[in-house]
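Presented below is the structure to which this report refers.
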Amino acid sequence: MYKILVVDDEKPISDIIKFNLVKEGYEVVTASDGQEALDMYHSEHPDLVLLDQMLPEIEGIEVLRQIRSKDKTPVIMVTAKDSEIDKVIGLEMGADDYTTKPFSNRELIARVKANLRNRQAAGQGNDASSSQDDIQLGNLVIHTKTYMVTKDGVDVELTHREFELLSYMAQHIGQVMNRENLLRQVWGYDYFGDVRAVDVTVRRLREKIEDVPSHPVWLGTRRGVGYFLSSGKMDSNDN
């Protein structure tokens, strides 16, 4: 049984989230402020965290930062802040997903299930990855069976979502994919948010795998169409 940590300082919201998750068969623990969230995280070792952004004691973004400094536990930000910059900040800090208040219970459960599936695939190797050998692109190696990436022989720390995106694109070298398609294939369900999540994840990947992120060699953009992973040097129009 998966264990989920729900962090929200509004008890009615926390209670309804817990009620719906328990109905789906999950074990649920709750915290009402940032410090309690970190304490519960370390003591309960949840499989996934639903994290409010605005919390007393310690802000949700700082809780996320501390979780990310330890491991790759999936974190879904649940926040009343719905501006683009607030969403981007959460994604830039390493959140796997986000939803804004008010949200539908069906949407939230879909997000939870999708992120847990990705976690399970990362632990076991998904069918598409496990059937392939490592993929090498110059000094970059994607180890599809171990969910690791190395650059010049040094491990590159990627989140689950970043690896899933890179691995999927590596299985379709040279194919230009629009953001809606990437959301369906990588995020694993009918995505309820906006496609900005793809842009942020691509930018984070470039910062980690490219020598000069502003002039990418591998992860290209076809303007007005989408993104692609190249097997060689790209045309200047594809950066």
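We name chains A, B, ... following the order of the structure tokens; residues begin at 1 in each chain, and ligands are numbered from 1 as shown.
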Stretch 23-55 of chain A: residues DSSP assigns to strand (DSSP E), reported as number ranges by chain: A: 27-31, 48-52
Within 12 Å of A:Ile109 using only C-alpha atoms, minus same-chain residues under 6 positions, as a ChimeraX atom specification: /A:4,16-26,50,76,99,103,115-116,189,192
Picked from stretch 68-214 of chain A by DSSP as helix (DSSP H, G or I), as a PyMOL selection string: chain A and resi 68+84-92+105-124+127-130+160-170+179-187+196-209
Surrounding residues of stretch 168-176 of chain A excluding itself and chain neighbours under 5 positions, 6 Å, only C-alpha atoms, as an NGL selection string: :A and (226-230)
Only N, CA, C and O atoms, please: the residues just picked out, written as a compact mmCIF listing (two decimals), in the first residue's frame.
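What landed in selection.txt:
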# COMPACT_ATOMS: atom_id res chain seq x y z
N GLY A 226 7.53 22.05 -31.69
CA GLY A 226 7.76 21.33 -30.44
C GLY A 226 9.24 21.08 -30.21
O GLY A 226 10.10 21.81 -30.69
N TYR A 227 9.53 19.99 -29.48
CA TYR A 227 10.89 19.65 -29.09
C TYR A 227 11.32 18.34 -29.70
O TYR A 227 10.49 17.50 -30.05
N PHE A 228 12.63 18.14 -29.79
CA PHE A 228 13.16 16.88 -30.29
C PHE A 228 14.55 16.64 -29.70
O PHE A 228 15.22 17.58 -29.25
N LEU A 229 14.97 15.39 -29.69
CA LEU A 229 16.30 15.02 -29.25
C LEU A 229 17.10 14.64 -30.49
O LEU A 229 16.67 13.81 -31.30
N SER A 230 18.25 15.28 -30.65
CA SER A 230 19.06 15.10 -31.85
C SER A 230 20.16 14.06 -31.61
O SER A 230 20.68 13.93 -30.49
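Here atom CA of A:Gln66 stands at a distance of 21.3 Å from atom CA of A:Asn118.
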For A:Arg119: contacts at 10 Å, only C-alpha atoms, fewer than 6 positions along chain excluded, given as a list in words: Asp47, Leu48, Lys72, Thr73, Pro74, Lys113, Gly125, His160 and Arg161 of chain A
All residues 10 Å or closer to stretch 6-10 of chain A, only C-alpha atoms, same chain fewer than 5 positions away omitted, as a VMD selection string: chain A and resid 15 17 to 18 21 28 to 34 36 to 38 40 46 48 to 56 60 76 to 79
